[in-house]
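Undergrad: Structure below; questions to follow.
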Amino acid sequence: METVVKVGGSLCRDQGVLERLCDELNEMGGILVVPGGGEFADTVRGIDREFRLDERIAHRLAILAMQQTGVLIGEFFKGEIFDCAALLDDENLKASWDVTSDSIAAYIAKERGAKRLIILKDVDGVFTADPKKGDATADPNKGEAKLIPEVTTEELSAMESSCLDREFPGFVKDSGLEVWIINGKHPERIKEILNNKKTKGTRIL
């Protein structure tokens, strides 16, 4: 297994998008899929806000949300999907919403000795501002939201917000992993990375 692909839960909200993605992944070898939490994790967040759960309980529920998303992905992807339930009692993962499926995928990639980690989102990568909110919310000092082709872990840590969780830079720093953030709605970009071709996305250095 050379490549860990984290499938963002947002990509599982549209059956057509998920099927096209999985069709492409099914043609590739040496891939381990790590599922995001998606709508299942959103439900956990809502319950956490209402009940003010112990962080350990919220963390376990969020991991089980990833497990549920994995079952859904397994309807279409016929390769290996990580069994997230195996992480329920893993003390190496901080019980916090700062450690989500992004960081967990990085942790798994390191533990499994993967060569690269590809994080699939519903945006093209890391931007200078939130690309979903338009120019009105962009930093006036930076202008409109622009895709960042390459970013260091230090630069990523210094950003006020991004499409990745807060602890992600620490998980990939000095990991030796080739790390990409790309849009899962364009699965052909995965092939471009695997074939060492130029693609649209963000490389984490």
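Convention: chains lettered A, B, ... in structure tokens order; per-chain residue numbering from 1; ligands numbered from 1 as shown.
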Write out as a PDB file with N, CA and C atoms, in the first residue's frame the residues lying within 6 Å of stretch 13-23 of chain A, counting only C-alpha atoms and excluding same-chain residues fewer than 6 positions away.
TA:
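Result file result.pdb:
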```
ATOM      1  N   PHE A  76     -19.647   1.367  -2.917  1.00  0.00           N
ATOM      2  CA  PHE A  76     -19.172   1.685  -4.265  1.00  0.00           C
ATOM      3  C   PHE A  76     -17.683   1.390  -4.476  1.00  0.00           C
ATOM      4  N   PHE A  77     -16.879   1.496  -3.423  1.00  0.00           N
ATOM      5  CA  PHE A  77     -15.446   1.235  -3.531  1.00  0.00           C
ATOM      6  C   PHE A  77     -15.156  -0.189  -3.086  1.00  0.00           C
ATOM      7  N   PRO A 187     -11.702  13.319  -9.853  1.00  0.00           N
ATOM      8  CA  PRO A 187     -10.843  12.175  -9.491  1.00  0.00           C
ATOM      9  C   PRO A 187      -9.685  11.930 -10.438  1.00  0.00           C
TER      10      PRO A 187
END
```
Undergrad: Could you go through stretch 104-139 of chain A and tell me which residues DSSP, when run on the backbone, assigns to helix (DSSP H, G or I), listing them as an NGL selection string?
TA: :A and (104-111 or 135-137)
Undergrad: Keeping only C-alpha atoms, write the selected residues as a short mmCIF file (atom, residue, chain, number, x, y, z; two decimals), in the first residue's frame.
TA:
```cif
data_model
loop_
_atom_site.label_atom_id
_atom_site.label_comp_id
_atom_site.auth_asym_id
_atom_site.auth_seq_id
_atom_site.Cartn_x
_atom_site.Cartn_y
_atom_site.Cartn_z
CA ILE A 104 -6.42 10.83 11.60
CA ALA A 105 -5.74 10.01 7.93
CA ALA A 106 -2.22 11.44 8.30
CA TYR A 107 -1.69 9.35 11.42
CA ILE A 108 -2.85 6.20 9.62
CA ALA A 109 -0.63 6.95 6.61
CA LYS A 110 2.44 7.19 8.85
CA GLU A 111 1.52 4.08 10.82
CA ASP A 135 -14.75 38.01 -2.14
CA ALA A 136 -16.85 39.76 0.51
CA THR A 137 -15.23 37.77 3.30
#
```
Undergrad: Just the residues within 7 Å of stretch 82-86 of chain A, please, counting only C-alpha atoms, with nothing from its chain fewer than 3 positions along; format it as a list of chain:residue names.
TA: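 Result of the neighbour search: A:Leu32, A:Val33, A:Val34, A:Ile63, A:Leu64, A:Met66, A:Gln67.
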Undergrad: Would you give me, as a list in words, the residues in stretch 25-182 of chain A that DSSP reads as strand (DSSP E or B)?
TA: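 Answer for stretch 25-182 of chain A restricted to strand (DSSP E or B) is Ile31, Leu32, Val33, Val34, Pro35, Glu80, Ile81, Arg116, Leu117, Ile118, Ile119, Leu120, Lys121, Phe127, Leu147, Glu150, Val151, Glu178, Val179, Trp180, Ile181 and Ile182 of chain A.
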Undergrad: Using N, CA and C atoms, can you write the selected residues to a file as an mmCIF file, in the first residue's frame?
TA:
```cif
data_model
loop_
_atom_site.group_PDB
_atom_site.id
_atom_site.type_symbol
_atom_site.label_atom_id
_atom_site.label_comp_id
_atom_site.auth_asym_id
_atom_site.auth_seq_id
_atom_site.Cartn_x
_atom_site.Cartn_y
_atom_site.Cartn_z
ATOM 1 N N ILE A 31 -4.119 1.405 -2.882
ATOM 2 C CA ILE A 31 -4.766 2.533 -2.208
ATOM 3 C C ILE A 31 -5.525 2.057 -0.978
ATOM 4 N N LEU A 32 -5.365 2.790 0.107
ATOM 5 C CA LEU A 32 -6.154 2.590 1.319
ATOM 6 C C LEU A 32 -7.026 3.826 1.504
ATOM 7 N N VAL A 33 -8.329 3.639 1.572
ATOM 8 C CA VAL A 33 -9.257 4.756 1.760
ATOM 9 C C VAL A 33 -9.542 4.958 3.242
ATOM 10 N N VAL A 34 -9.425 6.198 3.681
ATOM 11 C CA VAL A 34 -9.830 6.589 5.031
ATOM 12 C C VAL A 34 -11.050 7.492 4.883
ATOM 13 N N PRO A 35 -12.181 7.127 5.467
ATOM 14 C CA PRO A 35 -13.398 7.931 5.312
ATOM 15 C C PRO A 35 -13.428 9.136 6.238
ATOM 16 N N GLU A 80 -9.573 -1.518 -0.217
ATOM 17 C CA GLU A 80 -9.441 -1.524 1.239
ATOM 18 C C GLU A 80 -9.889 -0.199 1.851
ATOM 19 N N ILE A 81 -10.772 -0.293 2.833
ATOM 20 C CA ILE A 81 -11.225 0.869 3.598
ATOM 21 C C ILE A 81 -10.784 0.666 5.040
ATOM 22 N N ARG A 116 2.489 8.331 0.197
ATOM 23 C CA ARG A 116 1.809 9.610 0.009
ATOM 24 C C ARG A 116 0.433 9.608 0.663
ATOM 25 N N LEU A 117 -0.042 10.812 0.918
ATOM 26 C CA LEU A 117 -1.368 11.033 1.486
ATOM 27 C C LEU A 117 -2.092 12.044 0.611
ATOM 28 N N ILE A 118 -3.268 11.659 0.145
ATOM 29 C CA ILE A 118 -4.086 12.557 -0.673
ATOM 30 C C ILE A 118 -5.391 12.820 0.072
ATOM 31 N N ILE A 119 -5.618 14.082 0.425
ATOM 32 C CA ILE A 119 -6.838 14.477 1.115
ATOM 33 C C ILE A 119 -7.811 15.027 0.080
ATOM 34 N N LEU A 120 -8.967 14.392 -0.043
ATOM 35 C CA LEU A 120 -9.973 14.827 -1.009
ATOM 36 C C LEU A 120 -11.004 15.710 -0.329
ATOM 37 N N LYS A 121 -11.179 16.905 -0.877
ATOM 38 C CA LYS A 121 -12.148 17.873 -0.369
ATOM 39 C C LYS A 121 -13.158 18.205 -1.465
ATOM 40 N N PHE A 127 -6.726 27.637 0.218
ATOM 41 C CA PHE A 127 -6.867 28.968 -0.376
ATOM 42 C C PHE A 127 -6.418 30.056 0.601
ATOM 43 N N LEU A 147 -6.095 30.002 -4.855
ATOM 44 C CA LEU A 147 -5.533 28.691 -4.555
ATOM 45 C C LEU A 147 -4.036 28.815 -4.298
ATOM 46 N N GLU A 150 1.481 25.492 -3.294
ATOM 47 C CA GLU A 150 2.371 24.846 -2.324
ATOM 48 C C GLU A 150 2.358 25.642 -1.029
ATOM 49 N N VAL A 151 2.393 24.936 0.095
ATOM 50 C CA VAL A 151 2.419 25.602 1.392
ATOM 51 C C VAL A 151 3.199 24.729 2.366
ATOM 52 N N GLU A 178 4.394 12.394 1.005
ATOM 53 C CA GLU A 178 4.037 13.319 -0.071
ATOM 54 C C GLU A 178 2.557 13.649 0.148
ATOM 55 N N VAL A 179 2.258 14.892 0.477
ATOM 56 C CA VAL A 179 0.905 15.258 0.903
ATOM 57 C C VAL A 179 0.256 16.226 -0.081
ATOM 58 N N TRP A 180 -0.954 15.861 -0.512
ATOM 59 C CA TRP A 180 -1.717 16.690 -1.439
ATOM 60 C C TRP A 180 -3.124 16.935 -0.902
ATOM 61 N N ILE A 181 -3.655 18.131 -1.188
ATOM 62 C CA ILE A 181 -5.053 18.457 -0.932
ATOM 63 C C ILE A 181 -5.662 18.785 -2.288
ATOM 64 N N ILE A 182 -6.638 17.987 -2.733
ATOM 65 C CA ILE A 182 -7.237 18.210 -4.047
ATOM 66 C C ILE A 182 -8.752 18.045 -3.976
#
```
Undergrad: Taking only C-alpha atoms into account, which of A:Leu205, A:Ala95, A:Val44, A:Met1 comes nearest A:Asp174?
TA: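 Once distances to A:Asp174 are computed over only C-alpha atoms, the minimum belongs to A:Leu205.
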Undergrad: Which value, in Å to one decimal, gives the distance between atom CA of A:Gly79 and atom CA of A:Glu27?
TA: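 Going from atom CA of A:Gly79 over to atom CA of A:Glu27 covers 9.5 Å.
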Undergrad: Which is closest to A:Lys78 among A:Leu61, A:Asn196, A:Glu24, A:Glu144, if we use only C-alpha atoms?
TA: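 So, comparing all the options, the nearest one is A:Glu24.
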Undergrad: Which residue out of A:Met28, A:Val172, A:Cys12, A:Ala65 has the minimum interatomic distance to A:Ile204 when only C-alpha atoms are used?
TA: A:Val172
Undergrad: Using only C-alpha atoms, can you tell me which of A:Gly176, A:Gly9, A:Pro149, A:Gly46 comes closest to A:Leu72?
TA: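 Checking each of A:Gly176, A:Gly9, A:Pro149, A:Gly46 against A:Leu72, counting only C-alpha atoms, the winner is A:Gly9.
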Undergrad: Identify, on the basis of only C-alpha atoms, every residue whose closest approach to A:Cys163 does not exceed 8 Å; exclude the query and any residue fewer than 2 positions from it along the same chain; express the result as a VMD selection string.
TA: chain A and resid 121 125 to 126 161 165
Undergrad: How would the residues just picked look written out with N, CA and C atoms as an mmCIF file, in the first residue's frame?
TA:
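out14.cif, written as the output of this step:
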```
data_model
loop_
_atom_site.group_PDB
_atom_site.id
_atom_site.type_symbol
_atom_site.label_atom_id
_atom_site.label_comp_id
_atom_site.auth_asym_id
_atom_site.auth_seq_id
_atom_site.Cartn_x
_atom_site.Cartn_y
_atom_site.Cartn_z
ATOM 1 N N LYS A 121 -11.179 16.905 -0.877
ATOM 2 C CA LYS A 121 -12.148 17.873 -0.369
ATOM 3 C C LYS A 121 -13.158 18.205 -1.465
ATOM 4 N N GLY A 125 -8.255 22.897 -2.999
ATOM 5 C CA GLY A 125 -7.067 22.816 -2.158
ATOM 6 C C GLY A 125 -7.133 23.842 -1.053
ATOM 7 N N VAL A 126 -5.966 24.332 -0.625
ATOM 8 C CA VAL A 126 -5.888 25.367 0.408
ATOM 9 C C VAL A 126 -5.887 26.730 -0.278
ATOM 10 N N SER A 161 -7.481 30.062 9.294
ATOM 11 C CA SER A 161 -8.388 28.951 8.997
ATOM 12 C C SER A 161 -8.045 28.377 7.632
ATOM 13 N N ASP A 165 -7.949 20.538 9.540
ATOM 14 C CA ASP A 165 -8.076 20.782 10.974
ATOM 15 C C ASP A 165 -6.792 21.380 11.547
#
```
